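Note: the block below is my_file_31.pdb and it holds PDB, C-alpha atoms.
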```pdb
ATOM      1  CA  MET B   1     -11.417  14.936 -11.530
ATOM      2  CA  GLN B   2      -9.287  16.103 -14.433
ATOM      3  CA  VAL B   3      -7.038  13.499 -16.033
ATOM      4  CA  ASP B   4      -4.102  14.154 -18.391
ATOM      5  CA  SER B   5      -3.183  12.276 -21.578
ATOM      6  CA  SER B   6      -1.141   9.797 -19.497
ATOM      7  CA  GLY B   7      -4.134   8.917 -17.305
ATOM      8  CA  LEU B   8      -2.761  10.807 -14.297
ATOM      9  CA  GLN B   9      -4.979  12.961 -12.089
ATOM     10  CA  VAL B  10      -4.238  16.663 -12.610
ATOM     11  CA  LEU B  11      -3.867  18.595  -9.351
ATOM     12  CA  SER B  12      -5.045  22.166  -8.869
ATOM     13  CA  ARG B  13      -2.658  24.947  -7.891
ATOM     14  CA  GLU B  14      -4.066  24.864  -4.336
ATOM     15  CA  GLU B  15      -3.573  21.093  -4.076
ATOM     16  CA  CYS B  16      -0.001  21.474  -5.386
ATOM     17  CA  LEU B  17       0.907  24.151  -2.833
ATOM     18  CA  GLY B  18      -0.774  22.100  -0.092
ATOM     19  CA  LEU B  19       1.331  19.050  -0.983
ATOM     20  CA  LEU B  20       4.559  21.099  -1.210
ATOM     21  CA  SER B  21       4.016  22.145   2.392
ATOM     22  CA  THR B  22       3.962  18.501   3.571
ATOM     23  CA  THR B  23       7.504  17.482   2.629
ATOM     24  CA  PRO B  24      10.925  18.822   3.707
ATOM     25  CA  ILE B  25      12.860  17.703   0.595
ATOM     26  CA  GLY B  26      12.591  18.712  -3.037
ATOM     27  CA  ARG B  27      14.845  18.871  -6.050
ATOM     28  CA  ILE B  28      16.014  21.996  -7.782
ATOM     29  CA  VAL B  29      16.573  21.671 -11.509
ATOM     30  CA  PHE B  30      18.860  24.068 -13.307
ATOM     31  CA  THR B  31      21.530  24.323 -15.978
ATOM     32  CA  GLU B  32      25.202  24.000 -15.154
ATOM     33  CA  HIS B  33      27.923  24.275 -17.792
ATOM     34  CA  ALA B  34      25.136  24.049 -20.414
ATOM     35  CA  LEU B  35      24.020  20.659 -19.061
ATOM     36  CA  PRO B  36      20.864  19.792 -17.138
ATOM     37  CA  ALA B  37      21.554  19.522 -13.419
ATOM     38  CA  VAL B  38      19.460  18.491 -10.429
ATOM     39  CA  GLN B  39      20.129  18.665  -6.710
ATOM     40  CA  PRO B  40      18.039  17.602  -3.714
ATOM     41  CA  VAL B  41      17.527  20.382  -1.178
ATOM     42  CA  ASN B  42      15.710  21.056   2.049
ATOM     43  CA  PHE B  43      13.083  23.723   1.492
ATOM     44  CA  HIS B  44      10.212  25.527   3.092
ATOM     45  CA  LEU B  45       7.146  26.845   1.282
ATOM     46  CA  ASP B  46       6.670  30.465   2.305
ATOM     47  CA  GLY B  47       3.416  31.660   0.743
ATOM     48  CA  ARG B  48       3.980  30.933  -2.934
ATOM     49  CA  SER B  49       7.775  31.060  -2.632
ATOM     50  CA  ILE B  50      10.106  28.112  -2.262
ATOM     51  CA  VAL B  51      12.860  28.977   0.183
ATOM     52  CA  ILE B  52      16.160  27.065  -0.002
ATOM     53  CA  ARG B  53      19.086  27.434   2.328
ATOM     54  CA  THR B  54      22.582  26.831   1.005
ATOM     55  CA  SER B  55      26.118  28.109   1.428
ATOM     56  CA  THR B  56      27.263  31.284  -0.297
ATOM     57  CA  GLY B  57      29.982  29.636  -2.352
ATOM     58  CA  SER B  58      27.971  26.594  -3.429
ATOM     59  CA  ASN B  59      27.559  25.510  -7.036
ATOM     60  CA  LEU B  60      23.841  25.796  -6.466
ATOM     61  CA  ALA B  61      24.134  29.436  -5.451
ATOM     62  CA  ALA B  62      26.230  30.236  -8.520
ATOM     63  CA  ALA B  63      24.192  28.255 -11.027
ATOM     64  CA  THR B  64      20.767  29.516  -9.984
ATOM     65  CA  ARG B  65      21.658  33.201  -9.868
ATOM     66  CA  HIS B  66      19.107  35.096 -12.037
ATOM     67  CA  ALA B  67      18.061  31.800 -13.626
ATOM     68  CA  VAL B  68      14.691  30.296 -14.306
ATOM     69  CA  VAL B  69      14.692  26.973 -12.476
ATOM     70  CA  ALA B  70      12.311  24.111 -11.881
ATOM     71  CA  PHE B  71      11.613  22.710  -8.461
ATOM     72  CA  GLU B  72      10.093  19.286  -7.918
ATOM     73  CA  ALA B  73       8.832  17.407  -4.881
ATOM     74  CA  ASP B  74       7.060  14.079  -4.785
ATOM     75  CA  GLU B  75       6.064  11.171  -2.613
ATOM     76  CA  PHE B  76       5.511   7.638  -3.856
ATOM     77  CA  ASP B  77       4.433   4.417  -2.224
ATOM     78  CA  SER B  78       6.257   1.481  -3.828
ATOM     79  CA  GLU B  79       3.844  -1.072  -2.361
ATOM     80  CA  LEU B  80       0.657   0.626  -3.519
ATOM     81  CA  ARG B  81       2.246   2.108  -6.661
ATOM     82  CA  THR B  82       0.576   5.417  -5.918
ATOM     83  CA  GLY B  83       1.908   8.883  -5.279
ATOM     84  CA  TRP B  84       2.024  12.478  -6.322
ATOM     85  CA  SER B  85       4.514  14.936  -7.776
ATOM     86  CA  VAL B  86       4.469  18.699  -7.982
ATOM     87  CA  THR B  87       6.687  20.877 -10.177
ATOM     88  CA  ALA B  88       7.090  24.631  -9.903
ATOM     89  CA  VAL B  89       8.901  26.747 -12.476
ATOM     90  CA  GLY B  90      10.024  30.258 -11.732
ATOM     91  CA  GLN B  91      12.778  32.780 -11.365
ATOM     92  CA  ALA B  92      15.383  32.056  -8.700
ATOM     93  CA  ARG B  93      16.908  34.933  -6.786
ATOM     94  CA  ALA B  94      19.522  35.204  -4.080
ATOM     95  CA  VAL B  95      18.241  37.037  -1.027
ATOM     96  CA  THR B  96      20.475  39.986  -0.161
ATOM     97  CA  ASP B  97      18.192  42.265   1.842
ATOM     98  CA  PRO B  98      19.177  41.957   5.561
ATOM     99  CA  ASP B  99      15.555  42.296   6.735
ATOM    100  CA  GLU B 100      14.412  39.533   4.421
ATOM    101  CA  ILE B 101      17.331  37.289   5.499
ATOM    102  CA  HIS B 102      16.349  37.929   9.110
ATOM    103  CA  ARG B 103      12.756  36.938   8.385
ATOM    104  CA  LEU B 104      13.739  33.810   6.406
ATOM    105  CA  ALA B 105      16.167  32.727   9.156
ATOM    106  CA  ALA B 106      13.154  32.404  11.481
ATOM    107  CA  LEU B 107      11.377  29.908   9.169
ATOM    108  CA  PRO B 108      11.285  26.247  10.192
ATOM    109  CA  LEU B 109      13.927  25.377   7.593
ATOM    110  CA  THR B 110      16.880  23.258   8.638
ATOM    111  CA  ALA B 111      19.385  21.915   6.144
ATOM    112  CA  TRP B 112      20.226  18.259   6.802
ATOM    113  CA  ALA B 113      23.668  18.662   5.284
ATOM    114  CA  PRO B 114      26.367  19.853   7.665
ATOM    115  CA  GLY B 115      28.151  23.195   7.483
ATOM    116  CA  SER B 116      27.115  26.808   7.410
ATOM    117  CA  ARG B 117      24.014  27.539   5.307
ATOM    118  CA  ASP B 118      23.500  31.254   5.574
ATOM    119  CA  HIS B 119      22.638  31.923   1.944
ATOM    120  CA  TYR B 120      18.986  31.912   0.887
ATOM    121  CA  ILE B 121      17.639  31.257  -2.576
ATOM    122  CA  VAL B 122      13.976  31.991  -3.234
ATOM    123  CA  VAL B 123      12.118  30.527  -6.190
ATOM    124  CA  ASP B 124       8.848  32.211  -7.005
ATOM    125  CA  ALA B 125       6.456  29.461  -7.967
ATOM    126  CA  GLU B 126       5.021  31.223 -10.995
ATOM    127  CA  GLN B 127       3.890  28.083 -12.782
ATOM    128  CA  VAL B 128       2.840  25.146 -10.638
ATOM    129  CA  SER B 129       1.636  21.790 -11.898
ATOM    130  CA  GLY B 130       1.070  18.452 -10.258
ATOM    131  CA  ARG B 131      -0.086  14.920 -10.911
ATOM    132  CA  ARG B 132      -1.328  12.081  -8.772
ATOM    133  CA  ILE B 133      -1.356   8.358  -9.503
ATOM    134  CA  THR B 134      -4.200   6.515  -7.836
ATOM    135  CA  HIS B 135      -5.681   3.097  -8.482
TER     136      HIS B 135
ATOM    137  CA  MET L   1      35.603   8.320   2.919
ATOM    138  CA  GLN L   2      35.666  11.250   0.505
ATOM    139  CA  VAL L   3      33.653  14.318   1.526
ATOM    140  CA  ASP L   4      32.650  17.249  -0.725
ATOM    141  CA  SER L   5      32.727  20.966   0.069
ATOM    142  CA  SER L   6      29.215  20.708   1.548
ATOM    143  CA  GLY L   7      30.258  17.980   3.985
ATOM    144  CA  LEU L   8      28.424  15.236   2.081
ATOM    145  CA  GLN L   9      29.933  11.805   1.533
ATOM    146  CA  VAL L  10      30.952  11.324  -2.115
ATOM    147  CA  LEU L  11      29.804   7.993  -3.558
ATOM    148  CA  SER L  12      31.827   5.982  -6.057
ATOM    149  CA  ARG L  13      30.445   5.086  -9.470
ATOM    150  CA  GLU L  14      29.885   1.493  -8.283
ATOM    151  CA  GLU L  15      28.003   2.667  -5.194
ATOM    152  CA  CYS L  16      25.882   4.989  -7.366
ATOM    153  CA  LEU L  17      24.927   2.224  -9.800
ATOM    154  CA  GLY L  18      24.248  -0.117  -6.864
ATOM    155  CA  LEU L  19      21.857   2.416  -5.302
ATOM    156  CA  LEU L  20      20.117   3.113  -8.634
ATOM    157  CA  SER L  21      19.251  -0.567  -8.834
ATOM    158  CA  THR L  22      17.415  -0.440  -5.474
ATOM    159  CA  THR L  23      14.634   2.006  -6.372
ATOM    160  CA  PRO L  24      11.860   1.876  -9.014
ATOM    161  CA  ILE L  25      11.356   5.659  -9.354
ATOM    162  CA  GLY L  26      13.640   8.408 -10.577
ATOM    163  CA  ARG L  27      13.286  11.802 -12.166
ATOM    164  CA  ILE L  28      14.306  12.716 -15.668
ATOM    165  CA  VAL L  29      15.487  16.281 -16.122
ATOM    166  CA  PHE L  30      15.367  17.919 -19.515
ATOM    167  CA  THR L  31      14.575  21.139 -21.351
ATOM    168  CA  GLU L  32      11.117  21.844 -22.695
ATOM    169  CA  HIS L  33      10.276  25.060 -24.570
ATOM    170  CA  ALA L  34      13.659  26.416 -23.372
ATOM    171  CA  LEU L  35      12.691  25.913 -19.711
ATOM    172  CA  PRO L  36      14.015  23.373 -17.229
ATOM    173  CA  ALA L  37      11.615  20.457 -16.828
ATOM    174  CA  VAL L  38      11.511  17.420 -14.566
ATOM    175  CA  GLN L  39       9.278  14.364 -14.550
ATOM    176  CA  PRO L  40       9.171  11.343 -12.242
ATOM    177  CA  VAL L  41       9.402   8.032 -14.109
ATOM    178  CA  ASN L  42       9.598   4.344 -13.423
ATOM    179  CA  PHE L  43      12.929   3.006 -14.600
ATOM    180  CA  HIS L  44      15.156  -0.025 -14.631
ATOM    181  CA  LEU L  45      18.940   0.016 -14.557
ATOM    182  CA  ASP L  46      20.167  -2.241 -17.356
ATOM    183  CA  GLY L  47      23.940  -2.436 -17.045
ATOM    184  CA  ARG L  48      24.943   1.225 -17.171
ATOM    185  CA  SER L  49      21.812   2.284 -19.025
ATOM    186  CA  ILE L  50      18.686   3.768 -17.513
ATOM    187  CA  VAL L  51      15.635   2.345 -19.257
ATOM    188  CA  ILE L  52      12.376   4.335 -19.144
ATOM    189  CA  ARG L  53       9.052   3.253 -20.551
ATOM    190  CA  THR L  54       6.644   5.872 -21.836
ATOM    191  CA  SER L  55       4.048   6.364 -24.542
ATOM    192  CA  THR L  56       5.086   7.259 -28.083
ATOM    193  CA  GLY L  57       3.263  10.577 -28.194
ATOM    194  CA  SER L  58       4.307  11.767 -24.730
ATOM    195  CA  ASN L  59       5.931  15.128 -24.060
ATOM    196  CA  LEU L  60       8.767  13.192 -22.490
ATOM    197  CA  ALA L  61       9.390  11.218 -25.682
ATOM    198  CA  ALA L  62       9.414  14.412 -27.756
ATOM    199  CA  ALA L  63      11.518  16.505 -25.395
ATOM    200  CA  THR L  64      14.232  13.941 -24.760
ATOM    201  CA  ARG L  65      14.812  12.962 -28.384
ATOM    202  CA  HIS L  66      18.566  13.315 -29.115
ATOM    203  CA  ALA L  67      18.962  15.390 -25.946
ATOM    204  CA  VAL L  68      21.452  15.243 -23.136
ATOM    205  CA  VAL L  69      19.391  14.730 -19.997
ATOM    206  CA  ALA L  70      19.981  14.277 -16.299
ATOM    207  CA  PHE L  71      18.419  11.495 -14.307
ATOM    208  CA  GLU L  72      18.152  11.574 -10.541
ATOM    209  CA  ALA L  73      17.058   9.076  -7.915
ATOM    210  CA  ASP L  74      17.213   9.440  -4.164
ATOM    211  CA  GLU L  75      15.966   8.109  -0.873
ATOM    212  CA  PHE L  76      15.706  10.157   2.310
ATOM    213  CA  ASP L  77      14.643   9.381   5.847
ATOM    214  CA  SER L  78      12.864  12.398   7.354
ATOM    215  CA  GLU L  79      13.186  11.048  10.894
ATOM    216  CA  LEU L  80      16.914  10.363  10.763
ATOM    217  CA  ARG L  81      17.651  13.210   8.321
ATOM    218  CA  THR L  82      19.840  10.882   6.314
ATOM    219  CA  GLY L  83      19.727   9.686   2.749
ATOM    220  CA  TRP L  84      21.423   9.459  -0.595
ATOM    221  CA  SER L  85      20.998  10.842  -4.087
ATOM    222  CA  VAL L  86      22.499   9.779  -7.382
ATOM    223  CA  THR L  87      22.523  11.790 -10.619
ATOM    224  CA  ALA L  88      23.432  10.472 -14.044
ATOM    225  CA  VAL L  89      23.963  12.686 -17.072
ATOM    226  CA  GLY L  90      23.980  11.323 -20.581
ATOM    227  CA  GLN L  91      22.510  11.164 -24.026
ATOM    228  CA  ALA L  92      18.903  10.026 -24.273
ATOM    229  CA  ARG L  93      17.806   7.969 -27.245
ATOM    230  CA  ALA L  94      14.527   6.485 -28.370
ATOM    231  CA  VAL L  95      14.798   2.745 -28.972
ATOM    232  CA  THR L  96      13.670   1.852 -32.489
ATOM    233  CA  ASP L  97      15.398  -1.477 -33.141
ATOM    234  CA  PRO L  98      12.764  -4.266 -32.862
ATOM    235  CA  ASP L  99      15.247  -6.730 -31.312
ATOM    236  CA  GLU L 100      16.239  -4.210 -28.646
ATOM    237  CA  ILE L 101      12.572  -3.366 -27.921
ATOM    238  CA  HIS L 102      11.903  -7.099 -27.562
ATOM    239  CA  ARG L 103      14.780  -7.448 -25.102
ATOM    240  CA  LEU L 104      13.777  -4.358 -23.086
ATOM    241  CA  ALA L 105      10.136  -5.515 -22.924
ATOM    242  CA  ALA L 106      11.360  -8.524 -20.924
ATOM    243  CA  LEU L 107      12.957  -6.350 -18.228
ATOM    244  CA  PRO L 108      11.223  -6.079 -14.840
ATOM    245  CA  LEU L 109       9.999  -2.573 -15.659
ATOM    246  CA  THR L 110       6.369  -1.704 -15.061
ATOM    247  CA  ALA L 111       5.039   1.815 -15.355
ATOM    248  CA  TRP L 112       2.737   2.736 -12.484
ATOM    249  CA  ALA L 113       0.835   5.185 -14.647
ATOM    250  CA  PRO L 114      -2.042   3.707 -16.639
ATOM    251  CA  GLY L 115      -2.186   3.403 -20.425
ATOM    252  CA  SER L 116       0.006   1.929 -23.101
ATOM    253  CA  ARG L 117       3.733   2.410 -22.561
ATOM    254  CA  ASP L 118       5.365   0.768 -25.528
ATOM    255  CA  HIS L 119       8.015   3.416 -26.180
ATOM    256  CA  TYR L 120      11.449   3.013 -24.612
ATOM    257  CA  ILE L 121      13.926   5.757 -23.838
ATOM    258  CA  VAL L 122      17.443   4.766 -22.850
ATOM    259  CA  VAL L 123      19.793   7.145 -21.071
ATOM    260  CA  ASP L 124      23.423   6.128 -21.114
ATOM    261  CA  ALA L 125      24.802   6.993 -17.705
ATOM    262  CA  GLU L 126      28.024   8.538 -18.980
ATOM    263  CA  GLN L 127      28.641  10.717 -15.921
ATOM    264  CA  VAL L 128      27.407   9.399 -12.586
ATOM    265  CA  SER L 129      27.743  11.161  -9.264
ATOM    266  CA  GLY L 130      26.215  10.610  -5.872
ATOM    267  CA  ARG L 131      26.157  11.908  -2.334
ATOM    268  CA  ARG L 132      25.139  10.506   1.007
ATOM    269  CA  ILE L 133      24.141  12.361   4.180
ATOM    270  CA  THR L 134      24.985  10.475   7.353
ATOM    271  CA  HIS L 135      25.231  11.637  10.927
TER     272      HIS L 135
END
```

Rewritten as structure tokens:
Amino acid sequence: MQVDSSGLQVLSREECLGLLSTTPIGRIVFTEHALPAVQPVNFHLDGRSIVIRTSTGSNLAAATRHAVVAFEADEFDSELRTGWSVTAVGQARAVTDPDEIHRLAALPLTAWAPGSRDHYIVVDAEQVSGRRITH
Amino acid sequence: MQVDSSGLQVLSREECLGLLSTTPIGRIVFTEHALPAVQPVNFHLDGRSIVIRTSTGSNLAAATRHAVVAFEADEFDSELRTGWSVTAVGQARAVTDPDEIHRLAALPLTAWAPGSRDHYIVVDAEQVSGRRITH
């Protein structure tokens, strides 16, 4: 078991991707008006890509266009004080190819927020890292 | 009830600060080596300041020095597909004044991660925004 300088267990890439596939909510981290910004999103892990569904005119769609973003998901147990977090960093791209949109629309990805969500953002998880707190 | 363009309920500053005081974990969002970075942290809301405890030599301590950062906390219910999120943006500062360190050390703020955590970072929640998904 590898441990980092903070005493947290370091997760392998496979463990990270496995954990990302267990949770429907993550947070996309980007820059907006030169300030750090973060927004929770529903997502689905499709291979090594994080697929996010939003609306075409959303701030998220505009701010993540051609940007390198971070994506984080985690799960913590307040009673046990344990948990894990996984962060992926990669290029975000808006999906414009009709065939790819058709394929992504068939994924088990439902946005909890109301309204039309027919715009897909894909983040390629180029760098993935994760930590676990156990006792 | 105010609703944003995504159909989410807009929370007031008071509601946001109230919700931040109900959860022990948030995520600090910053820039590291010119890339977006995010790290879960234990925190305590002290008035309108977010207090984070870390170790002096941590990446977090180095990367957030004199930086404007975002801080996010949320809580979602996967069954009900409801939840809230609050984001604060503000200047981060390392606490160096011995009297202030003494006062902060008395706060109910315990880091879940092991090891010494005698370095305090305070984020002044200058801009606070929050959303709630209800059905």

Give me, as a tab-separated table (two decimals) with C-alpha atoms, in the coordinates of the input, all polymer residues having an atom no more than 7 Å from Phe43 (chain L), counting all atoms listed in the file and skipping those fewer than 3 positions away in the same chain.
```
chain	number	residue	atom	x	y	z
L	24	PRO	CA	11.86	1.88	-9.01
L	25	ILE	CA	11.36	5.66	-9.35
L	26	GLY	CA	13.64	8.41	-10.58
L	50	ILE	CA	18.69	3.77	-17.51
L	51	VAL	CA	15.64	2.35	-19.26
L	52	ILE	CA	12.38	4.34	-19.14
L	109	LEU	CA	10.00	-2.57	-15.66
```

Evaluate the PyMOL selection byres ((chain L) within 9 of (chain B)) on the structure here and hand back the selected residues as a ChimeraX atom specification. /L:5-8,23-25,29-31,35-40,55,58,68-72,74,76,78,81-82,85,87,89,112-116,133-135

When you draw a straight line from CA of Arg13 (chain B) to CA of Ala62 (chain B), how long is it in Å?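 Interatomic distance, CA of Arg13 (chain B) to CA of Ala62 (chain B): 29.4 Å.
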
Can you tell me how far CA of Val122 (chain B) sits from CA of Arg131 (chain L), in Å to one decimal?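 These two atoms are separated by 23.5 Å.
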
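For the atom pair formed by CA of Ala92 (chain L) and CA of Ile121 (chain L), the distance is 6.6 Å, given to one decimal.
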
Using only C-alpha atoms, pick whichever of B:Ser21, B:Gln91, B:Gln9, B:Thr96 has the shortest atom-to-atom distance to Thr64 (chain B).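 For Thr64 (chain B), the nearest of the given residues is B:Gln91.
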
If you apply the PyMOL selection byres ((chain B and resi 17) around 9) to this file, what residues do you get, as a ChimeraX atom specification? /B:12-16,18-21,45,47-48,86,128

Shell of 12 Å around Glu100 (chain L), only C-alpha atoms, local chain residues under 3 positions omitted, as a PyMOL selection string: chain L and resi 51+94-97+103-107+119-122
